[in-house]
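For reference, data_23.txt (compact mmCIF, C-alpha atoms):
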```
# COMPACT_ATOMS: atom_id res chain seq x y z
CA MET U 202 152.29 199.68 115.97
CA ILE U 203 155.78 198.85 117.22
CA THR U 204 156.98 195.25 117.09
CA ARG U 205 159.96 194.15 119.16
CA THR U 206 161.51 190.80 120.07
CA ILE U 207 162.55 191.07 123.70
CA ASP U 208 164.46 188.62 125.87
CA ASN U 209 163.60 188.11 129.54
CA PHE U 210 160.38 190.12 129.35
CA ASP U 211 156.97 188.79 130.35
CA ILE U 212 154.16 191.29 130.68
CA SER U 213 151.98 188.81 132.60
CA GLN U 214 154.66 188.36 135.26
CA ILE U 215 155.15 192.11 135.56
CA CYS U 216 151.39 192.63 135.90
CA ALA U 217 151.19 190.09 138.74
CA SER U 218 154.35 191.24 140.53
CA GLY U 219 152.80 193.80 142.86
CA GLN U 220 154.66 196.82 141.48
CA CYS U 221 152.02 198.22 139.11
CA PHE U 222 148.27 198.56 139.70
CA ARG U 223 147.03 200.15 136.47
CA MET U 224 147.92 197.26 134.21
CA THR U 225 144.97 195.07 133.21
CA GLN U 226 144.93 191.88 131.20
CA LEU U 227 142.54 191.88 128.25
CA GLU U 228 140.98 188.84 126.64
CA SER U 229 143.74 186.65 125.23
CA GLY U 230 143.69 185.43 121.65
CA GLU U 231 143.19 181.84 120.62
CA ASP U 232 146.86 181.67 119.64
CA MET U 233 147.86 182.19 123.31
CA THR U 234 148.75 185.84 122.74
CA VAL U 235 148.60 187.82 125.98
CA ALA U 236 146.98 191.25 125.70
CA MET U 237 147.40 193.96 128.30
CA GLN U 238 146.29 197.56 128.73
CA VAL U 239 148.42 200.01 130.69
CA VAL U 240 147.68 203.51 131.94
CA ALA U 241 150.76 205.46 133.04
CA SER U 242 151.55 209.18 133.34
CA GLY U 243 148.28 210.02 131.58
CA LYS U 244 149.10 207.76 128.62
CA TYR U 245 147.25 204.66 127.46
CA LEU U 246 148.83 201.61 125.84
CA GLU U 247 147.66 198.25 124.60
CA LEU U 248 150.38 195.62 124.40
CA GLN U 249 150.27 192.12 122.96
CA GLN U 250 152.86 189.44 123.63
CA LYS U 251 153.41 185.94 122.31
CA GLY U 252 156.65 184.43 123.46
CA ARG U 253 159.43 186.96 122.88
CA MET U 254 157.46 188.97 120.33
CA CYS U 255 155.76 192.11 121.64
CA ILE U 256 153.48 194.51 119.79
CA PHE U 257 153.06 198.00 121.28
CA ASP U 258 150.03 199.90 119.99
CA CYS U 259 151.61 203.35 119.92
CA THR U 260 153.59 205.63 117.65
CA ASP U 261 157.36 205.41 117.19
CA GLU U 262 157.71 208.68 119.10
CA GLU U 263 155.62 207.49 122.07
CA PHE U 264 157.57 204.24 122.23
CA GLU U 265 160.97 205.91 122.09
CA LEU U 266 160.18 208.81 124.41
CA PHE U 267 158.11 207.02 127.03
CA TRP U 268 157.23 203.32 126.84
CA LYS U 269 160.73 201.99 126.16
CA ASP U 270 161.98 203.62 129.34
CA TYR U 271 158.80 202.79 131.29
CA PHE U 272 159.32 199.06 130.68
CA ASP U 273 163.12 199.36 131.10
CA LEU U 274 163.66 197.66 127.75
CA ASP U 275 167.26 198.75 127.26
CA THR U 276 168.41 196.83 130.33
CA ASP U 277 169.81 193.31 130.02
CA TYR U 278 168.05 191.43 132.82
CA GLY U 279 169.85 188.28 131.79
CA SER U 280 173.03 189.87 133.13
CA TYR U 281 171.37 190.22 136.54
CA MET U 282 170.45 186.55 136.58
CA ASP U 283 173.98 185.62 135.52
CA ARG U 284 175.30 187.27 138.69
CA ILE U 285 173.44 184.85 140.97
CA ASN U 286 175.69 182.49 142.90
CA GLN U 287 175.66 179.07 141.24
CA LYS U 288 175.41 177.47 144.68
CA ASP U 289 172.29 179.46 145.59
CA THR U 290 169.75 177.04 144.13
CA TYR U 291 166.80 178.82 145.75
CA LEU U 292 167.56 182.21 144.20
CA ARG U 293 168.39 180.64 140.85
CA GLU U 294 165.03 178.84 140.86
CA ALA U 295 163.23 182.06 141.82
CA ALA U 296 164.93 184.01 139.02
CA ALA U 297 164.21 181.29 136.47
CA TYR U 298 160.56 181.24 137.52
CA GLY U 299 160.22 185.03 137.20
CA SER U 300 162.71 185.50 134.38
CA GLY U 301 160.39 187.93 132.56
CA MET U 302 160.42 190.43 135.40
CA HIS U 303 161.37 194.06 134.74
CA ILE U 304 161.43 196.94 137.21
CA LEU U 305 159.20 199.64 135.76
CA HIS U 306 159.96 203.38 135.72
CA GLN U 307 156.76 204.71 137.29
CA ASP U 308 155.49 208.10 138.44
CA LEU U 309 156.71 209.10 141.90
CA TRP U 310 153.45 210.53 143.24
CA GLU U 311 151.44 207.57 141.92
CA MET U 312 153.79 205.15 143.68
CA ILE U 313 153.57 207.11 146.94
CA VAL U 314 149.78 206.80 146.91
CA SER U 315 149.79 203.22 145.62
CA PHE U 316 152.04 201.92 148.38
CA LEU U 317 150.33 203.93 151.09
CA ILE U 318 147.21 202.08 149.99
CA SER U 319 149.05 198.75 149.80
CA GLN U 320 149.46 198.43 153.54
CA GLN U 321 147.50 195.45 154.94
CA ASN U 322 145.94 195.04 151.51
CA ASN U 323 145.96 192.69 148.51
CA ILE U 324 146.42 193.35 144.82
CA PRO U 325 142.76 193.11 143.66
CA ARG U 326 141.68 195.53 146.40
CA ILE U 327 144.56 197.91 145.72
CA ARG U 328 143.64 197.97 142.02
CA LYS U 329 140.03 198.74 142.93
CA CYS U 330 141.02 201.52 145.33
CA ILE U 331 143.22 203.16 142.72
CA GLU U 332 140.58 202.82 140.02
CA ASN U 333 138.09 204.52 142.37
CA LEU U 334 140.53 207.37 143.00
CA CYS U 335 141.13 207.84 139.28
CA ARG U 336 137.44 207.79 138.39
CA ASN U 337 136.53 210.26 141.12
CA TYR U 338 139.51 212.61 141.06
CA GLY U 339 141.44 211.99 137.83
CA GLU U 340 141.03 213.50 134.38
CA LYS U 341 138.68 211.72 131.96
CA LYS U 342 140.35 210.93 128.63
CA LYS U 343 139.78 208.74 125.58
CA ASN U 344 142.18 206.37 123.86
CA ASN U 345 142.54 206.03 120.09
CA SER U 346 139.52 203.71 119.97
CA GLY U 347 137.32 206.21 121.78
CA ASP U 348 137.26 204.23 125.03
CA VAL U 349 137.31 206.23 128.24
CA TYR U 350 140.12 205.99 130.78
CA TYR U 351 141.15 208.16 133.73
CA THR U 352 144.49 209.68 134.63
CA PHE U 353 146.00 209.31 138.08
CA PRO U 354 145.09 212.38 140.19
CA GLY U 355 147.91 214.63 141.34
CA PRO U 356 148.35 215.77 144.94
CA GLU U 357 146.38 218.95 144.21
CA ALA U 358 143.24 216.82 143.83
CA PHE U 359 143.42 215.73 147.47
CA VAL U 360 144.97 218.67 149.29
CA SER U 361 141.73 220.40 150.35
CA LEU U 362 139.86 217.23 151.31
CA GLU U 363 138.93 216.14 154.81
CA GLU U 364 141.17 213.34 156.02
CA GLU U 365 138.35 210.78 155.84
CA ALA U 366 137.09 211.91 152.41
CA LEU U 367 138.66 209.01 150.52
CA LYS U 368 136.99 206.28 152.57
CA PRO U 369 134.20 205.95 149.94
CA CYS U 370 136.98 204.95 147.52
CA ASN U 371 137.57 201.95 149.83
CA LEU U 372 140.77 203.37 151.32
CA GLY U 373 139.61 203.00 154.92
CA TYR U 374 142.14 204.31 157.45
CA ARG U 375 144.60 204.89 154.57
CA SER U 376 142.52 207.92 153.48
CA LYS U 377 144.32 210.15 155.96
CA TYR U 378 147.70 208.90 154.73
CA VAL U 379 146.96 210.05 151.19
CA VAL U 380 145.39 213.37 152.17
CA ARG U 381 148.17 214.31 154.60
CA SER U 382 150.85 213.28 152.10
CA ALA U 383 149.17 215.41 149.42
CA ARG U 384 149.26 218.38 151.79
CA SER U 385 152.96 217.81 152.51
CA VAL U 386 153.75 217.80 148.80
CA VAL U 387 151.60 220.78 147.82
CA ASN U 388 152.77 222.82 150.82
CA GLY U 389 156.39 222.18 149.89
CA GLU U 390 157.29 220.23 153.03
CA VAL U 391 158.38 217.38 150.76
CA ASP U 392 159.72 218.28 147.30
CA LEU U 393 159.16 215.50 144.77
CA ASP U 394 161.39 217.14 142.16
CA GLN U 395 164.28 217.16 144.60
CA ILE U 396 163.62 213.56 145.65
CA ARG U 397 163.85 212.46 142.01
CA GLU U 398 167.43 213.77 141.92
CA MET U 399 168.55 212.33 145.25
CA PRO U 400 170.61 209.18 145.81
CA TYR U 401 168.84 206.23 147.38
CA GLU U 402 169.54 206.84 151.07
CA LYS U 403 168.65 210.54 150.93
CA ALA U 404 165.51 209.91 148.87
CA LYS U 405 164.36 207.29 151.35
CA GLU U 406 165.00 209.66 154.24
CA GLU U 407 162.82 212.31 152.60
CA LEU U 408 160.02 209.86 151.80
CA LEU U 409 159.90 208.76 155.44
CA LYS U 410 158.77 212.29 156.31
CA LEU U 411 155.41 211.58 154.67
CA PHE U 412 152.65 210.52 157.04
CA GLY U 413 152.06 206.78 156.79
CA VAL U 414 155.31 205.99 154.97
CA GLY U 415 157.45 203.42 156.79
CA GLU U 416 160.61 201.56 155.82
CA LYS U 417 158.96 199.01 153.53
CA VAL U 418 156.74 201.55 151.75
CA ALA U 419 159.67 203.94 151.28
CA ASP U 420 161.75 201.15 149.74
CA CYS U 421 158.90 200.20 147.38
CA ILE U 422 158.68 203.81 146.22
CA CYS U 423 162.44 204.03 145.78
CA LEU U 424 162.48 200.83 143.73
CA PHE U 425 159.38 201.20 141.57
CA ALA U 426 159.36 204.98 141.03
CA LEU U 427 162.96 206.14 141.41
CA HIS U 428 164.55 202.96 140.05
CA HIS U 429 166.98 202.68 142.93
CA LEU U 430 167.74 199.02 142.35
CA GLN U 431 169.56 198.72 145.67
CA ALA U 432 166.24 199.17 147.52
CA PHE U 433 165.13 195.87 149.05
CA PRO U 434 161.57 196.12 150.41
CA ILE U 435 160.97 193.63 153.23
CA ASP U 436 157.37 192.68 153.94
CA THR U 437 156.04 189.68 155.84
CA HIS U 438 156.52 187.30 152.93
CA ILE U 439 160.04 188.41 152.08
CA ARG U 440 160.94 188.19 155.77
CA GLN U 441 159.66 184.62 155.90
CA ALA U 442 161.66 183.71 152.78
CA LEU U 443 164.80 185.26 154.25
CA GLU U 444 164.34 183.40 157.54
CA LYS U 445 163.95 180.13 155.67
CA HIS U 446 166.66 180.47 153.02
CA TYR U 447 169.08 183.11 154.35
CA LYS U 448 169.46 182.57 158.08
CA ARG U 449 172.61 184.70 158.10
CA GLY U 450 170.92 187.43 156.11
CA PHE U 451 170.56 188.09 152.40
CA PRO U 452 174.01 188.55 150.77
CA ARG U 453 173.40 192.15 149.77
CA ARG U 454 177.08 192.97 149.44
CA ARG U 455 177.49 190.31 146.75
CA TYR U 456 174.56 191.74 144.79
CA ARG U 457 175.18 195.40 145.47
CA GLY U 458 173.19 197.60 143.10
CA ILE U 459 170.66 194.98 141.98
CA GLU U 460 169.16 193.84 145.29
CA GLY U 461 165.73 195.13 144.31
CA VAL U 462 165.63 193.06 141.14
CA LEU U 463 166.43 189.92 143.13
CA GLN U 464 163.81 190.89 145.70
CA GLN U 465 161.21 190.88 142.94
CA TYR U 466 162.25 187.41 141.80
CA ILE U 467 161.86 186.16 145.37
CA PHE U 468 158.58 187.99 145.96
CA TYR U 469 156.98 186.74 142.74
CA TYR U 470 158.25 183.19 143.26
CA GLU U 471 157.10 182.95 146.87
CA LEU U 472 153.61 184.23 146.20
CA THR U 473 152.53 183.16 142.74
CA GLY U 474 154.68 180.05 142.75
CA ASN U 475 152.90 178.78 145.83
CA GLY U 476 149.45 179.84 144.69
CA ARG U 477 148.93 182.31 147.52
CA GLN U 478 147.04 185.58 147.35
CA LEU U 479 149.29 188.61 146.95
CA ILE U 480 149.23 190.43 150.28
CA LEU U 481 151.68 193.28 150.10
CA TYR U 482 152.33 194.09 153.76
```
Show this structure as structure tokens.
Amino acid sequence: MITRTIDNFDISQICASGQCFRMTQLESGEDMTVAMQVVASGKYLELQQKGRMCIFDCTDEEFELFWKDYFDLDTDYGSYMDRINQKDTYLREAAAYGSGMHILHQDLWEMIVSFLISQQNNIPRIRKCIENLCRNYGEKKKNNSGDVYYTFPGPEAFVSLEEEALKPCNLGYRSKYVVRSARSVVNGEVDLDQIREMPYEKAKEELLKLFGVGEKVADCICLFALHHLQAFPIDTHIRQALEKHYKRGFPRRRYRGIEGVLQQYIFYYELTGNGRQLILY
């Protein structure tokens, strides 16, 4: 067990933010403690949070080598909020509302598949699609309590499938996106190791070569897998917010290098703050 007191970190907000689909809230305690389970890169974690206090159910080594970086815990998100223009009351309200947001360091292939699936979809359905993929094509493992969980399947699991083979996992027309992308990766047409080392613009250019990946999906992958914080995914909801609050365009130059963090504040505020269902495209 690892106990940390962390500022500007809220696991419930991160879970609901549309960037991670293998994070599940467990039954909360009577003392208002939030409990969450996370599966990432083949690892399983249970996390409890009450206020600023967080308890990670893992070893010191696992925390230091993986989970600390995964949750981006060494970054001062308060410094990002401090950069917001005092006169921009909308953005300040959005950041205050989602002040526990962190941008996770997630697996590149998992994010490619997740955001291919996200198109014209909502969070509960995306979670279900990904769970179906993991159960049918991932590796079966057990956590420390003996409970079964499934790893996220690599591209090799899909490469020999027919393009429609993933429809039973509720992917619909997105099945061919995943299968063709898996073929591109396995055949070496797109090199994920090289993409991980590329700057933002070049990485995005390479991701756009994958079948089914457009501008918004590529930016989501760049932000949530590669941690290119200058990526600013624009979906229908972000576009509507920009049209309403930034008629001259979002001041990206002012916030150069952290645009993606501010995008998440806006996204979370617009959707959960107004009680709407999270539609990601």
Problem set entry | Contacts of Glu416 in chain U at 12 Å (all atoms listed in the file; same-chain gap of 2+ positions) as number ranges by chain | U: 316-317, 320, 402, 404-411, 413-414, 418-423, 432-436, 482
For this session: Grab the CA of Leu463 in chain U to CA of Tyr447 in chain U distance for me, in Å with one decimal place.
Result: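 Going from CA of Leu463 in chain U over to CA of Tyr447 in chain U, I get 13.4 Å.
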Could you produce a table of the residues of range 263-346 of chain U lying within 8 Å of range 233-254 of chain U, with the nearest pair of atoms per residue and their separation in Å rounded to one decimal, using all atoms listed in the file, ordered by chain and increasing residue number, as JSON lines?
```
{"residue": "U:Gln307", "atom": "CA", "partner": "U:Ala241", "partner_atom": "CA", "distance": 7.4}
{"residue": "U:Asp308", "atom": "CA", "partner": "U:Ser242", "partner_atom": "CA", "distance": 6.5}
{"residue": "U:Asn344", "atom": "CA", "partner": "U:Tyr245", "partner_atom": "CA", "distance": 6.4}
```
Problem set entry | Coordinates-based distance that separates CA of Cys370 in chain U from CA of Gly219 in chain U (Å, one decimal) |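 These atoms are spaced 19.9 Å apart.
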Exercise. Which residue, U:Asn323, U:Leu292, U:Arg328, U:Phe412, has the smallest gap to Phe451 in chain U when you use all atoms listed in the file?
Worked result: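 Under the stated criterion, the closest residue is U:Leu292.
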Exercise. What lies within 12 Å of Lys368 in chain U using all atoms listed in the file, ignoring chain neighbours under 3 positions off, as a PyMOL selection string?
Worked result: chain U and resi 318+330+333-334+362-365+371-380
For this session: Pick out the residues sitting within 7 Å of range 267-273 of chain U, and hand them over as a VMD selection string; count only C-alpha atoms, and ignore anything fewer than 6 positions along from it in its own chain.
Result: chain U and resid 303 to 307
Problem set entry | Computed interatomic separation between CA of Ile313 in chain U and CA of Gln226 in chain U (Å) |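 Calculated distance between CA of Ile313 in chain U and CA of Gln226 in chain U is 23.5 Å.
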Problem set entry | Pick from U:Val462, U:Ala297, U:Ile212, U:Met202, whichever lies nearest to Gly474 in chain U using only C-alpha atoms |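 The closest residue to Gly474 in chain U is U:Ala297.
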Exercise: residues within 7 Å of coordinate (159.6, 182.0, 143.2), counting all atoms listed in the file, as a tab-separated table (two decimals) with C-alpha atoms, in the coordinates of the input:
```
chain	number	residue	atom	x	y	z
U	294	GLU	CA	165.03	178.84	140.86
U	295	ALA	CA	163.23	182.06	141.82
U	298	TYR	CA	160.56	181.24	137.52
U	299	GLY	CA	160.22	185.03	137.20
U	466	TYR	CA	162.25	187.41	141.80
U	467	ILE	CA	161.86	186.16	145.37
U	468	PHE	CA	158.58	187.99	145.96
U	469	TYR	CA	156.98	186.74	142.74
U	470	TYR	CA	158.25	183.19	143.26
U	471	GLU	CA	157.10	182.95	146.87
U	474	GLY	CA	154.68	180.05	142.75
```
Problem set entry | Counting only C-alpha atoms, the residue of U:Ile285, U:Val387, U:Ala358, U:Leu427 that sits nearest Pro400 in chain U |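 Of U:Ile285, U:Val387, U:Ala358, U:Leu427, the one nearest Pro400 in chain U is U:Leu427, counting only C-alpha atoms.
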